[in-house]
file data-v1.tsv (TSV, C-alpha atoms)
chain	number	residue	atom	x	y	z
A	1	MET	CA	-84.51	-69.59	-92.58
A	2	HIS	CA	-85.36	-66.63	-90.34
A	3	PHE	CA	-82.95	-63.69	-90.33
A	4	PRO	CA	-83.59	-61.81	-87.07
A	5	ILE	CA	-81.49	-58.74	-87.87
A	6	SER	CA	-83.70	-57.66	-90.80
A	7	GLY	CA	-86.73	-59.62	-89.53
A	8	VAL	CA	-87.37	-61.50	-92.78
A	9	THR	CA	-87.68	-65.20	-93.57
A	10	ILE	CA	-85.94	-66.29	-96.79
A	11	SER	CA	-85.06	-69.78	-98.03
A	12	SER	CA	-81.28	-70.39	-97.79
A	13	PRO	CA	-81.05	-72.38	-101.06
A	14	TRP	CA	-82.62	-69.39	-102.84
A	15	LEU	CA	-79.99	-67.08	-101.37
A	16	ILE	CA	-77.16	-69.45	-102.30
A	17	GLY	CA	-78.61	-69.81	-105.81
A	18	ILE	CA	-78.81	-66.05	-106.28
A	19	GLY	CA	-75.26	-65.77	-104.96
A	20	LEU	CA	-74.05	-68.41	-107.43
A	21	VAL	CA	-75.66	-66.70	-110.43
A	22	VAL	CA	-74.47	-63.19	-109.55
A	23	GLY	CA	-71.06	-64.66	-108.73
A	24	ILE	CA	-70.67	-66.17	-112.20
A	25	LEU	CA	-71.93	-63.02	-113.92
A	26	GLY	CA	-69.94	-60.71	-111.66
A	27	GLY	CA	-66.70	-62.63	-112.06
A	28	PHE	CA	-67.13	-62.74	-115.82
A	29	PHE	CA	-68.15	-59.13	-116.42
A	30	GLY	CA	-65.97	-57.61	-113.70
A	31	VAL	CA	-68.85	-56.08	-111.82
A	32	GLY	CA	-69.99	-57.02	-108.34
A	33	GLY	CA	-73.30	-58.35	-109.61
A	34	SER	CA	-75.49	-55.93	-107.66
A	35	PHE	CA	-77.48	-55.17	-110.82
A	36	LEU	CA	-79.09	-58.59	-110.25
A	37	ALA	CA	-78.44	-59.28	-106.53
A	38	GLY	CA	-80.16	-56.07	-105.39
A	39	PRO	CA	-83.38	-56.58	-107.36
A	40	ALA	CA	-83.38	-60.31	-106.44
A	41	LEU	CA	-83.10	-59.58	-102.69
A	42	TYR	CA	-85.85	-56.98	-102.98
A	43	SER	CA	-88.03	-59.53	-104.77
A	44	LEU	CA	-87.51	-61.95	-101.85
A	45	GLY	CA	-89.01	-59.39	-99.45
A	46	LEU	CA	-85.97	-57.63	-97.97
A	47	PRO	CA	-86.64	-53.90	-97.34
A	48	MET	CA	-84.74	-51.59	-99.74
A	49	ASN	CA	-82.44	-50.06	-97.10
A	50	PHE	CA	-81.35	-53.59	-96.06
A	51	VAL	CA	-80.94	-54.55	-99.74
A	52	VAL	CA	-78.42	-51.71	-100.13
A	53	GLY	CA	-76.35	-52.46	-97.02
A	54	THR	CA	-76.49	-56.26	-97.22
A	55	ASP	CA	-75.61	-56.29	-100.90
A	56	LEU	CA	-72.54	-54.17	-100.16
A	57	ALA	CA	-71.30	-56.72	-97.61
A	58	HIS	CA	-71.96	-59.69	-99.90
A	59	ILE	CA	-70.28	-58.03	-102.89
A	60	MET	CA	-67.17	-57.25	-100.86
A	61	GLY	CA	-66.62	-60.87	-99.81
A	62	LYS	CA	-67.11	-62.11	-103.35
A	63	SER	CA	-64.87	-59.51	-104.93
A	64	VAL	CA	-61.92	-60.55	-102.76
A	65	VAL	CA	-61.81	-63.94	-104.48
A	66	ALA	CA	-62.50	-62.57	-107.98
A	67	ALA	CA	-59.96	-59.73	-107.65
A	68	LYS	CA	-57.28	-62.20	-106.54
A	69	LYS	CA	-57.97	-64.27	-109.66
A	70	HIS	CA	-57.77	-61.21	-111.91
A	71	ARG	CA	-54.59	-60.02	-110.17
A	72	ALA	CA	-52.98	-63.37	-110.97
A	73	LEU	CA	-53.98	-62.87	-114.62
A	74	GLY	CA	-52.38	-59.39	-114.61
A	75	ASN	CA	-55.73	-57.62	-114.99
A	76	VAL	CA	-55.46	-55.25	-112.00
A	77	ASP	CA	-53.93	-51.77	-112.34
A	78	LEU	CA	-53.09	-51.29	-108.67
A	79	LYS	CA	-51.89	-47.68	-109.14
A	80	LEU	CA	-55.15	-46.66	-110.84
A	81	GLY	CA	-57.18	-48.46	-108.16
A	82	LEU	CA	-55.36	-46.76	-105.28
A	83	ILE	CA	-55.73	-43.32	-106.87
A	84	MET	CA	-59.46	-43.85	-107.34
A	85	VAL	CA	-59.92	-44.78	-103.65
A	86	GLY	CA	-59.96	-41.08	-102.60
A	87	GLY	CA	-62.95	-40.28	-104.81
A	88	THR	CA	-64.63	-43.60	-104.08
A	89	LEU	CA	-64.75	-43.21	-100.28
A	90	VAL	CA	-66.19	-39.69	-100.47
A	91	GLY	CA	-68.80	-40.91	-102.96
A	92	VAL	CA	-69.82	-43.91	-100.81
A	93	GLU	CA	-70.43	-41.69	-97.77
A	94	LEU	CA	-72.47	-39.22	-99.83
A	95	GLY	CA	-74.62	-42.08	-101.17
A	96	ALA	CA	-75.09	-43.61	-97.69
A	97	GLN	CA	-76.15	-40.25	-96.24
A	98	LEU	CA	-78.73	-39.86	-99.01
A	99	VAL	CA	-80.18	-43.29	-98.14
A	100	GLN	CA	-80.64	-42.06	-94.55
A	101	VAL	CA	-82.49	-38.96	-95.77
A	102	LEU	CA	-84.77	-41.13	-97.94
A	103	LYS	CA	-85.34	-43.51	-95.00
A	104	ARG	CA	-86.52	-40.61	-92.84
A	105	LEU	CA	-88.89	-39.52	-95.62
A	106	ASN	CA	-90.10	-43.13	-96.07
A	107	LEU	CA	-89.17	-42.98	-99.75
A	108	THR	CA	-86.36	-45.57	-99.99
A	109	ASP	CA	-88.21	-48.22	-101.99
A	110	LEU	CA	-89.79	-45.84	-104.49
A	111	VAL	CA	-86.81	-43.54	-105.10
A	112	LEU	CA	-84.03	-46.14	-105.00
A	113	GLY	CA	-86.07	-48.65	-107.03
A	114	GLY	CA	-86.87	-46.00	-109.63
A	115	VAL	CA	-83.30	-44.66	-109.86
A	116	PHE	CA	-81.82	-48.16	-110.00
A	117	SER	CA	-84.20	-49.30	-112.79
A	118	THR	CA	-83.54	-46.17	-114.86
A	119	ILE	CA	-79.76	-46.53	-114.56
A	120	LEU	CA	-79.90	-50.21	-115.51
A	121	ILE	CA	-82.01	-49.54	-118.62
A	122	ILE	CA	-79.76	-46.67	-119.78
A	123	LEU	CA	-76.68	-48.81	-119.18
A	124	SER	CA	-78.04	-51.69	-121.29
A	125	VAL	CA	-78.95	-49.45	-124.23
A	126	PHE	CA	-75.59	-47.67	-124.11
A	127	MET	CA	-73.50	-50.84	-123.94
A	128	ALA	CA	-75.47	-52.49	-126.75
A	129	TRP	CA	-74.90	-49.45	-129.00
A	130	GLU	CA	-71.20	-49.24	-128.19
A	131	SER	CA	-70.40	-52.95	-128.43
A	132	ILE	CA	-72.13	-53.34	-131.80
A	133	GLY	CA	-70.14	-50.33	-133.06
A	134	ALA	CA	-66.86	-51.83	-131.84
A	135	LEU	CA	-67.66	-55.20	-133.46
A	136	ARG	CA	-68.53	-53.47	-136.75
A	137	MET	CA	-65.15	-51.74	-136.63
A	138	ARG	CA	-63.44	-55.11	-136.20
A	139	ARG	CA	-65.35	-56.48	-139.18
A	140	LEU	CA	-64.14	-53.55	-141.30
A	141	VAL	CA	-60.57	-54.42	-140.36
A	142	ALA	CA	-61.15	-58.08	-141.12
A	143	THR	CA	-62.48	-57.25	-144.61
A	144	GLY	CA	-59.58	-54.84	-145.23
A	145	ARG	CA	-61.77	-51.71	-145.53
A	146	ILE	CA	-59.78	-49.94	-142.80
A	147	LYS	CA	-56.14	-50.58	-141.95
A	148	THR	CA	-55.95	-51.71	-138.34
A	149	ILE	CA	-57.25	-51.17	-134.82
A	150	LYS	CA	-55.81	-52.04	-131.44
A	151	ARG	CA	-56.96	-55.39	-130.06
A	152	ASP	CA	-59.26	-53.85	-127.47
A	153	ARG	CA	-60.13	-50.49	-129.02
A	154	VAL	CA	-63.47	-49.06	-127.92
A	155	HIS	CA	-66.04	-47.22	-129.97
A	156	PHE	CA	-65.75	-44.15	-127.73
A	157	THR	CA	-62.23	-43.07	-128.71
A	158	ALA	CA	-63.13	-39.37	-129.08
A	159	VAL	CA	-64.16	-39.08	-125.41
A	160	VAL	CA	-61.11	-41.04	-124.27
A	161	LYS	CA	-58.79	-38.79	-126.31
A	162	LYS	CA	-60.35	-35.63	-124.84
A	163	VAL	CA	-60.06	-36.94	-121.27
A	164	GLN	CA	-56.46	-38.09	-121.74
A	165	ALA	CA	-55.56	-34.71	-123.30
A	166	LEU	CA	-57.15	-32.73	-120.43
A	167	ARG	CA	-54.66	-30.12	-119.15
A	168	LEU	CA	-55.41	-30.10	-115.44
A	169	PRO	CA	-52.44	-30.96	-113.20
A	170	PRO	CA	-51.33	-33.05	-111.39
A	171	TYR	CA	-50.80	-35.79	-113.96
A	172	VAL	CA	-50.10	-39.49	-113.53
A	173	SER	CA	-48.95	-42.26	-115.83
A	174	LEU	CA	-50.65	-45.66	-115.79
A	175	PRO	CA	-48.32	-48.11	-117.55
A	176	ALA	CA	-50.40	-51.15	-116.58
A	177	SER	CA	-53.36	-49.61	-118.47
A	178	GLY	CA	-51.22	-48.38	-121.37
A	179	ILE	CA	-51.87	-44.69	-120.52
A	180	ALA	CA	-48.74	-42.51	-120.75
A	181	LYS	CA	-50.19	-39.38	-119.10
A	182	ILE	CA	-53.60	-38.45	-117.67
A	183	SER	CA	-54.90	-35.81	-115.27
A	184	LEU	CA	-55.62	-37.04	-111.74
A	185	TRP	CA	-59.06	-35.37	-111.64
A	186	PRO	CA	-61.00	-37.54	-114.11
A	187	ILE	CA	-59.74	-40.62	-112.22
A	188	LEU	CA	-61.00	-39.19	-108.91
A	189	LEU	CA	-64.30	-38.22	-110.57
A	190	VAL	CA	-64.82	-41.77	-111.88
A	191	GLY	CA	-64.13	-43.01	-108.32
A	192	LEU	CA	-66.52	-40.44	-106.81
A	193	VAL	CA	-69.41	-41.28	-109.15
A	194	GLY	CA	-68.89	-45.04	-108.73
A	195	GLY	CA	-68.67	-44.63	-104.94
A	196	PHE	CA	-71.81	-42.50	-104.81
A	197	PHE	CA	-73.90	-45.13	-106.62
A	198	SER	CA	-72.32	-47.84	-104.47
A	199	GLY	CA	-73.37	-46.05	-101.28
A	200	LEU	CA	-76.79	-45.14	-102.69
A	201	LEU	CA	-77.87	-48.37	-104.41
A	202	GLY	CA	-75.64	-51.01	-102.80
A	203	GLY	CA	-73.13	-53.36	-104.37
A	204	GLY	CA	-69.91	-52.17	-105.88
A	205	ALA	CA	-71.48	-50.02	-108.65
A	206	GLY	CA	-69.28	-51.79	-111.18
A	207	TYR	CA	-72.07	-51.21	-113.71
A	208	ILE	CA	-71.05	-47.52	-113.58
A	209	ARG	CA	-67.32	-47.79	-112.82
A	210	MET	CA	-66.35	-50.51	-115.30
A	211	PRO	CA	-67.85	-48.74	-118.35
A	212	SER	CA	-66.43	-45.41	-117.09
A	213	LEU	CA	-62.94	-46.89	-116.90
A	214	VAL	CA	-63.25	-48.15	-120.48
A	215	TYR	CA	-65.17	-45.33	-122.15
A	216	VAL	CA	-63.94	-42.28	-120.20
A	217	LEU	CA	-60.38	-43.11	-119.11
A	218	GLY	CA	-59.53	-45.51	-121.97
A	219	VAL	CA	-58.49	-48.47	-119.81
A	220	PRO	CA	-58.50	-51.81	-121.74
A	221	THR	CA	-61.57	-53.91	-120.89
A	222	HIS	CA	-59.69	-56.77	-119.18
A	223	VAL	CA	-57.73	-54.34	-116.97
A	224	ALA	CA	-60.94	-52.39	-116.25
A	225	ILE	CA	-62.59	-55.61	-115.06
A	226	GLY	CA	-59.80	-56.47	-112.62
A	227	THR	CA	-59.27	-52.90	-111.39
A	228	ASP	CA	-63.00	-52.45	-110.87
A	229	LEU	CA	-63.08	-55.56	-108.68
A	230	PHE	CA	-60.19	-54.18	-106.61
A	231	GLU	CA	-62.09	-50.90	-106.20
A	232	ILE	CA	-65.25	-52.75	-105.21
A	233	ILE	CA	-63.41	-54.28	-102.22
A	234	ILE	CA	-62.54	-50.78	-100.98
A	235	SER	CA	-65.89	-49.11	-101.67
A	236	ALA	CA	-68.00	-52.04	-100.48
A	237	GLY	CA	-65.84	-52.45	-97.34
A	238	TYR	CA	-66.29	-48.83	-96.35
A	239	GLY	CA	-69.96	-48.91	-97.40
A	240	THR	CA	-70.60	-52.00	-95.26
A	241	VAL	CA	-69.28	-50.31	-92.11
A	242	SER	CA	-71.12	-47.07	-92.88
A	243	HIS	CA	-74.45	-48.81	-93.55
A	244	ALA	CA	-74.01	-51.21	-90.59
A	245	ILE	CA	-73.72	-48.21	-88.26
A	246	LYS	CA	-76.94	-46.85	-89.81
A	247	GLY	CA	-78.74	-50.20	-89.26
A	248	ASN	CA	-78.97	-51.26	-92.91
A	249	VAL	CA	-76.90	-54.50	-92.95
A	250	ASP	CA	-78.06	-58.09	-92.31
A	251	ILE	CA	-74.68	-59.82	-92.36
A	252	LEU	CA	-76.23	-63.30	-91.97
A	253	ILE	CA	-77.99	-62.94	-95.33
A	254	ALA	CA	-74.75	-61.67	-96.88
A	255	LEU	CA	-72.78	-64.64	-95.52
A	256	VAL	CA	-75.26	-67.19	-96.89
A	257	MET	CA	-75.34	-65.50	-100.30
A	258	HIS	CA	-71.57	-65.29	-100.43
A	259	THR	CA	-71.12	-69.04	-100.07
A	260	GLY	CA	-72.76	-69.45	-103.48
A	261	ALA	CA	-71.18	-66.33	-104.93
A	262	ALA	CA	-67.66	-67.53	-104.09
A	263	VAL	CA	-68.13	-70.51	-106.40
A	264	GLY	CA	-69.61	-68.38	-109.17
A	265	ALA	CA	-66.83	-65.78	-109.02
A	266	GLN	CA	-64.23	-68.50	-109.70
A	267	ILE	CA	-66.13	-69.75	-112.75
A	268	GLY	CA	-66.76	-66.24	-114.09
A	269	ALA	CA	-63.15	-65.06	-113.73
A	270	ALA	CA	-61.84	-68.18	-115.50
A	271	ALA	CA	-64.30	-67.66	-118.37
A	272	THR	CA	-62.97	-64.13	-119.18
A	273	GLU	CA	-59.79	-65.73	-120.58
A	274	LYS	CA	-61.80	-67.14	-123.48
A	275	PHE	CA	-63.59	-63.98	-124.71
A	276	HIS	CA	-62.49	-60.60	-126.13
A	277	GLY	CA	-63.55	-57.08	-125.03
A	278	PRO	CA	-66.53	-56.18	-127.30
A	279	TRP	CA	-68.08	-59.65	-126.96
A	280	ILE	CA	-67.92	-59.42	-123.14
A	281	ARG	CA	-69.60	-56.01	-123.28
A	282	LEU	CA	-72.30	-57.19	-125.71
A	283	ALA	CA	-73.09	-60.25	-123.59
A	284	PHE	CA	-73.50	-57.91	-120.58
A	285	VAL	CA	-76.43	-56.08	-122.25
A	286	PRO	CA	-79.48	-58.18	-121.17
A	287	LEU	CA	-78.40	-58.52	-117.51
A	288	PRO	CA	-79.11	-54.98	-116.27
A	289	LEU	CA	-82.43	-55.15	-118.16
A	290	LEU	CA	-83.32	-58.28	-116.21
A	291	GLY	CA	-82.49	-56.49	-112.93
A	292	ALA	CA	-84.57	-53.47	-113.96
A	293	GLY	CA	-87.49	-55.76	-114.85
A	294	LEU	CA	-87.36	-57.45	-111.43
A	295	LEU	CA	-87.34	-54.10	-109.62
A	296	LEU	CA	-90.16	-52.58	-111.63
A	297	TRP	CA	-92.26	-55.72	-111.22
A	298	GLN	CA	-91.84	-55.49	-107.41
A	299	LEU	CA	-92.67	-51.76	-107.37
A	300	PHE	CA	-95.88	-52.44	-109.33
A	301	HIS	CA	-96.62	-55.50	-107.18
A	302	LYS	CA	-96.31	-53.47	-103.94
A	303	GLY	CA	-98.52	-50.75	-105.37
A	304	MET	CA	-95.80	-48.09	-105.23
A	305	VAL	CA	-96.06	-47.42	-108.94
A	306	LYS	CA	-99.45	-47.37	-110.65
A	307	LEU	CA	-100.25	-47.23	-114.34
B	1	MET	CA	-60.77	-76.69	-142.76
B	2	PRO	CA	-60.05	-79.41	-140.17
B	3	ARG	CA	-60.80	-78.31	-136.61
B	4	ALA	CA	-57.90	-78.17	-134.16
B	5	GLU	CA	-57.86	-80.61	-131.24
B	6	PRO	CA	-58.52	-78.96	-127.83
B	7	GLU	CA	-55.33	-78.38	-125.85
B	8	PRO	CA	-54.75	-80.71	-122.87
B	9	LYS	CA	-54.09	-77.61	-120.70
B	10	GLN	CA	-57.69	-76.42	-121.23
B	11	ALA	CA	-59.16	-79.77	-120.20
B	12	GLY	CA	-57.01	-79.67	-117.06
B	13	SER	CA	-58.17	-76.18	-116.13
B	14	TRP	CA	-61.82	-77.23	-116.33
B	15	SER	CA	-61.13	-80.26	-114.12
B	16	ILE	CA	-59.57	-77.94	-111.56
B	17	LEU	CA	-62.65	-75.77	-111.73
B	18	VAL	CA	-64.91	-78.75	-110.99
B	19	ILE	CA	-62.79	-79.60	-107.95
B	20	GLU	CA	-63.00	-76.00	-106.75
B	21	ILE	CA	-66.78	-76.16	-106.97
B	22	ALA	CA	-66.89	-79.43	-105.04
B	23	VAL	CA	-64.74	-77.97	-102.25
B	24	TYR	CA	-66.89	-74.89	-102.04
B	25	SER	CA	-70.06	-77.00	-101.87
B	26	VAL	CA	-68.74	-78.88	-98.83
B	27	MET	CA	-67.76	-75.56	-97.26
B	28	VAL	CA	-71.25	-74.17	-97.85
B	29	ALA	CA	-72.92	-77.11	-96.10
B	30	ALA	CA	-70.52	-77.01	-93.14
B	31	TYR	CA	-70.77	-73.25	-92.84
B	32	LEU	CA	-74.56	-73.17	-92.81
B	33	LEU	CA	-74.85	-76.01	-90.32
B	34	VAL	CA	-72.24	-74.97	-87.78
B	35	VAL	CA	-70.84	-71.46	-88.06
B	36	LEU	CA	-73.93	-69.51	-89.05
B	37	ARG	CA	-76.18	-70.93	-86.33
B	38	ALA	CA	-73.51	-70.26	-83.71
B	39	LEU	CA	-72.98	-66.70	-84.94
B	40	ARG	CA	-76.64	-65.69	-85.09
B	41	PRO	CA	-77.24	-64.71	-81.42
B	42	VAL	CA	-73.85	-62.97	-81.13
B	43	LEU	CA	-74.38	-60.91	-84.28
B	44	LEU	CA	-77.96	-60.01	-83.35
B	45	ALA	CA	-76.87	-58.72	-79.93
B	46	THR	CA	-73.95	-56.79	-81.44
B	47	GLU	CA	-76.20	-55.23	-84.11
B	48	GLN	CA	-78.65	-54.05	-81.46
B	49	HIS	CA	-76.14	-52.64	-78.95
B	50	HIS	CA	-72.77	-51.98	-80.64
B	51	ARG	CA	-73.30	-50.84	-84.22
B	52	VAL	CA	-69.67	-49.80	-84.91
B	53	LEU	CA	-68.39	-53.16	-83.69
B	54	TYR	CA	-71.08	-54.87	-85.78
B	55	GLY	CA	-69.89	-52.98	-88.88
B	56	ILE	CA	-66.27	-53.99	-88.28
B	57	LEU	CA	-67.29	-57.59	-87.53
B	58	SER	CA	-69.33	-57.70	-90.75
B	59	VAL	CA	-66.33	-56.66	-92.85
B	60	LEU	CA	-64.01	-59.09	-91.06
B	61	LEU	CA	-66.46	-61.98	-91.45
B	62	MET	CA	-66.93	-61.34	-95.17
B	63	LEU	CA	-63.19	-60.95	-95.77
B	64	GLY	CA	-62.42	-63.99	-93.62
B	65	GLN	CA	-64.93	-66.14	-95.47
B	66	GLY	CA	-63.63	-64.99	-98.86
B	67	VAL	CA	-59.97	-65.54	-98.00
B	68	LEU	CA	-60.61	-68.89	-96.28
B	69	LEU	CA	-62.50	-70.33	-99.24
B	70	GLU	CA	-59.82	-69.09	-101.62
B	71	PHE	CA	-57.02	-70.51	-99.46
B	72	LEU	CA	-58.59	-73.95	-99.14
B	73	THR	CA	-59.30	-74.18	-102.84
B	74	SER	CA	-55.80	-73.09	-103.81
B	75	LEU	CA	-54.38	-75.69	-101.47
B	76	LEU	CA	-56.46	-78.43	-103.05
B	77	VAL	CA	-55.74	-77.25	-106.60
B	78	GLY	CA	-52.01	-77.30	-105.79
B	79	ARG	CA	-52.27	-80.91	-104.60
B	80	PHE	CA	-54.29	-81.79	-107.70
B	81	ARG	CA	-51.67	-80.24	-110.02
B	82	ARG	CA	-48.84	-82.09	-108.27
B	83	ALA	CA	-50.75	-85.36	-108.60
B	84	ARG	CA	-51.29	-84.73	-112.32
B	85	ARG	CA	-47.61	-83.91	-112.84
B	86	ASP	CA	-46.58	-87.09	-111.03
B	87	GLU	CA	-48.99	-89.09	-113.20
B	88	GLN	CA	-47.53	-87.57	-116.37
B	89	LEU	CA	-43.95	-88.28	-115.19
B	90	GLU	CA	-44.83	-91.89	-114.42
B	91	ALA	CA	-46.47	-92.29	-117.86
call {"tool": "encode", "arguments": {"input": "data-v1.tsv", "output": "structure tokens"}}
result
Amino acid sequence: MHFPISGVTISSPWLIGIGLVVGILGGFFGVGGSFLAGPALYSLGLPMNFVVGTDLAHIMGKSVVAAKKHRALGNVDLKLGLIMVGGTLVGVELGAQLVQVLKRLNLTDLVLGGVFSTILIILSVFMAWESIGALRMRRLVATGRIKTIKRDRVHFTAVVKKVQALRLPPYVSLPASGIAKISLWPILLVGLVGGFFSGLLGGGAGYIRMPSLVYVLGVPTHVAIGTDLFEIIISAGYGTVSHAIKGNVDILIALVMHTGAAVGAQIGAAATEKFHGPWIRLAFVPLPLLGAGLLLWQLFHKGMVKL
Amino acid sequence: MPRAEPEPKQAGSWSILVIEIAVYSVMVAAYLLVVLRALRPVLLATEQHHRVLYGILSVLLMLGQGVLLEFLTSLLVGRFRRARRDEQLEA
């Protein structure tokens, strides 16, 4: 099928298939799925600036369905999500402006591909290390070597404690996330960083925001998943308009991909009911690595990176 | 230790999921055949001449598609649940 807006020809079943896979993974892990959708679109021949904008549009449509599912399961902290919006929107615009600068310098593929791959590899290593630590802690409880831990305790409690004890007013309470009092600023910062990567690399940047919610703010994994999806709707919605104005969105590709992704998101969201926090995080580990592999392979293939 | 029997509720939820997938598949085929081909020239012209409108249209189309698919599936799942309840009452 020819897509005249971006000028590429891509098979529709391929797009639907990619949408289905990222939909399942995204719905399950609470991320938009751009860690795979972006590299997959790039592998199919879509220029990097269109990958960023188109992926944002596709992720937004998919997240609406997934977020609604998670809201019904009580996994969305609406107050936290609305507070984060301020930081998210500023971050998205900063990221989108940087894409324009790179486009003028003709460096989009090389820089964005390189940054994306690096982030995905770091994320995989970090989540593997943390999840294994959290599972070990559970085993110690099970064998009676330590007394008890909360059901969804994370390995990064020291960072969470420091952030929650930060004395920088104004403060907010987040009962839905089990946080009695926290400064507003770390929440806005998490939104800003997530938004920046969303605007820069496409998708919802859930691969940054979801771990940040868990490891920095101390939000339980299931609530982080749902709240992240809510945030993705906002950031991807704004990012879609911003990138469309800059000529980086092929909405026809996004619509085709979304038809498959909508199915996958339903399956993924339903599957989260059957798994606990550390296992979800551990299962997440190989996926960003796969995305990074796809990107690096394309960069080598196009001769942009040479050994 | 003897393994516990799976709960009937779980089996039901997977059946619902299969129905959701079937509905979505029909939607995909219809969407690609009719809507997308009709939209192509309009969206191309808008992208070339009215970028702001194109951006707003893009968001609305994605939201509309997401909400529509969700609405149709929920409707069907509701009917399916009612049918199951009626079956159980009759039994």
call {"tool": "closest_residue", "arguments": {"input": "data-v1.tsv", "among": "B:Leu68, B:Val42, B:Leu63, B:Val26", "to": "chain A", "atoms": "all atoms listed in the file"}}
result
B:Leu63
call {"tool": "interface_residues", "arguments": {"input": "data-v1.tsv", "of": "chain A", "to": "chain B", "cutoff": "10 Å", "atoms": "all atoms listed in the file", "output": "number ranges by chain"}}
result
A: 3-6, 12, 16, 54, 56-66, 68-69, 233, 236-247, 249-264, 266-267, 270
call {"tool": "residues_around", "arguments": {"input": "data-v1.tsv", "residues": "range 38-49 of chain A", "least_positions_apart": "4", "cutoff": "8 Å", "atoms": "all atoms listed in the file", "output": "list of chain:residue names"}}
result
A:Ser6, A:Val8, A:Ile10, A:Ile18, A:Ser34, A:Gly53, A:Asp55, A:Val99, A:Lys103, A:Thr108, A:Asp109, A:Leu112, A:Gly113, A:Gly202, A:Gly203, A:Asn248, A:Gly291, A:Ala292, A:Leu294, A:Leu295, A:Gln298
call {"tool": "atom_distance", "arguments": {"input": "data-v1.tsv", "atom1": "CA of Leu123 in chain A", "atom2": "CA of Phe300 in chain A"}}
result
21.9 Å
call {"tool": "atom_distance", "arguments": {"input": "data-v1.tsv", "atom1": "CA of Leu107 in chain A", "atom2": "CA of Thr88 in chain A"}}
result
24.9 Å
call {"tool": "atom_distance", "arguments": {"input": "data-v1.tsv", "atom1": "CA of Ser235 in chain A", "atom2": "CA of Ala37 in chain A"}}
result
16.9 Å
call {"tool": "residues_around", "arguments": {"input": "data-v1.tsv", "residues": "Ser183 in chain A", "least_positions_apart": "4", "cutoff": "9 Å", "atoms": "only C-alpha atoms", "output": "VMD selection string"}}
result
chain A and resid 163 to 173 187
call {"tool": "write_last_selection", "arguments": {"input": "data-v1.tsv", "atoms": "C-alpha atoms", "output": "PDB file, keeping the file's coordinate frame"}}
result
ATOM      1  CA  VAL A 163     -60.060 -36.940-121.270  1.00  0.00           C
ATOM      2  CA  GLN A 164     -56.460 -38.090-121.740  1.00  0.00           C
ATOM      3  CA  ALA A 165     -55.560 -34.710-123.300  1.00  0.00           C
ATOM      4  CA  LEU A 166     -57.150 -32.730-120.430  1.00  0.00           C
ATOM      5  CA  ARG A 167     -54.660 -30.120-119.150  1.00  0.00           C
ATOM      6  CA  LEU A 168     -55.410 -30.100-115.440  1.00  0.00           C
ATOM      7  CA  PRO A 169     -52.440 -30.960-113.200  1.00  0.00           C
ATOM      8  CA  PRO A 170     -51.330 -33.050-111.390  1.00  0.00           C
ATOM      9  CA  TYR A 171     -50.800 -35.790-113.960  1.00  0.00           C
ATOM     10  CA  VAL A 172     -50.100 -39.490-113.530  1.00  0.00           C
ATOM     11  CA  SER A 173     -48.950 -42.260-115.830  1.00  0.00           C
ATOM     12  CA  ILE A 187     -59.740 -40.620-112.220  1.00  0.00           C
TER      13      ILE A 187
END
call {"tool": "residues_around", "arguments": {"input": "data-v1.tsv", "residues": "Ser124 in chain A", "least_positions_apart": "6", "cutoff": "7 Å", "atoms": "only C-alpha atoms", "output": "short mmCIF file (atom, residue, chain, number, x, y, z; two decimals) with C-alpha atoms, keeping the file's coordinate frame"}}
result
data_model
loop_
_atom_site.label_atom_id
_atom_site.label_comp_id
_atom_site.auth_asym_id
_atom_site.auth_seq_id
_atom_site.Cartn_x
_atom_site.Cartn_y
_atom_site.Cartn_z
CA VAL A 285 -76.43 -56.08 -122.25
CA PRO A 286 -79.48 -58.18 -121.17
CA PRO A 288 -79.11 -54.98 -116.27
CA LEU A 289 -82.43 -55.15 -118.16
#
call {"tool": "residues_around", "arguments": {"input": "data-v1.tsv", "residues": "Val160 in chain A", "least_positions_apart": "6", "cutoff": "9 Å", "atoms": "all atoms listed in the file", "output": "count of residues only"}}
result
5
call {"tool": "closest_residue", "arguments": {"input": "data-v1.tsv", "among": "A:Ala205, A:Leu73, A:Val52, A:Leu287", "to": "Ile234 in chain A", "atoms": "all atoms listed in the file"}}
result
A:Ala205
call {"tool": "axis_aligned_box", "arguments": {"input": "data-v1.tsv", "around": "range 35-42 of chain B", "padding_each_side": "5 Å", "output": "JSON"}}
result
{"center_x": -74.0, "center_y": -67.2, "center_z": -85.1, "size_x": 16.4, "size_y": 18.5, "size_z": 17.9}
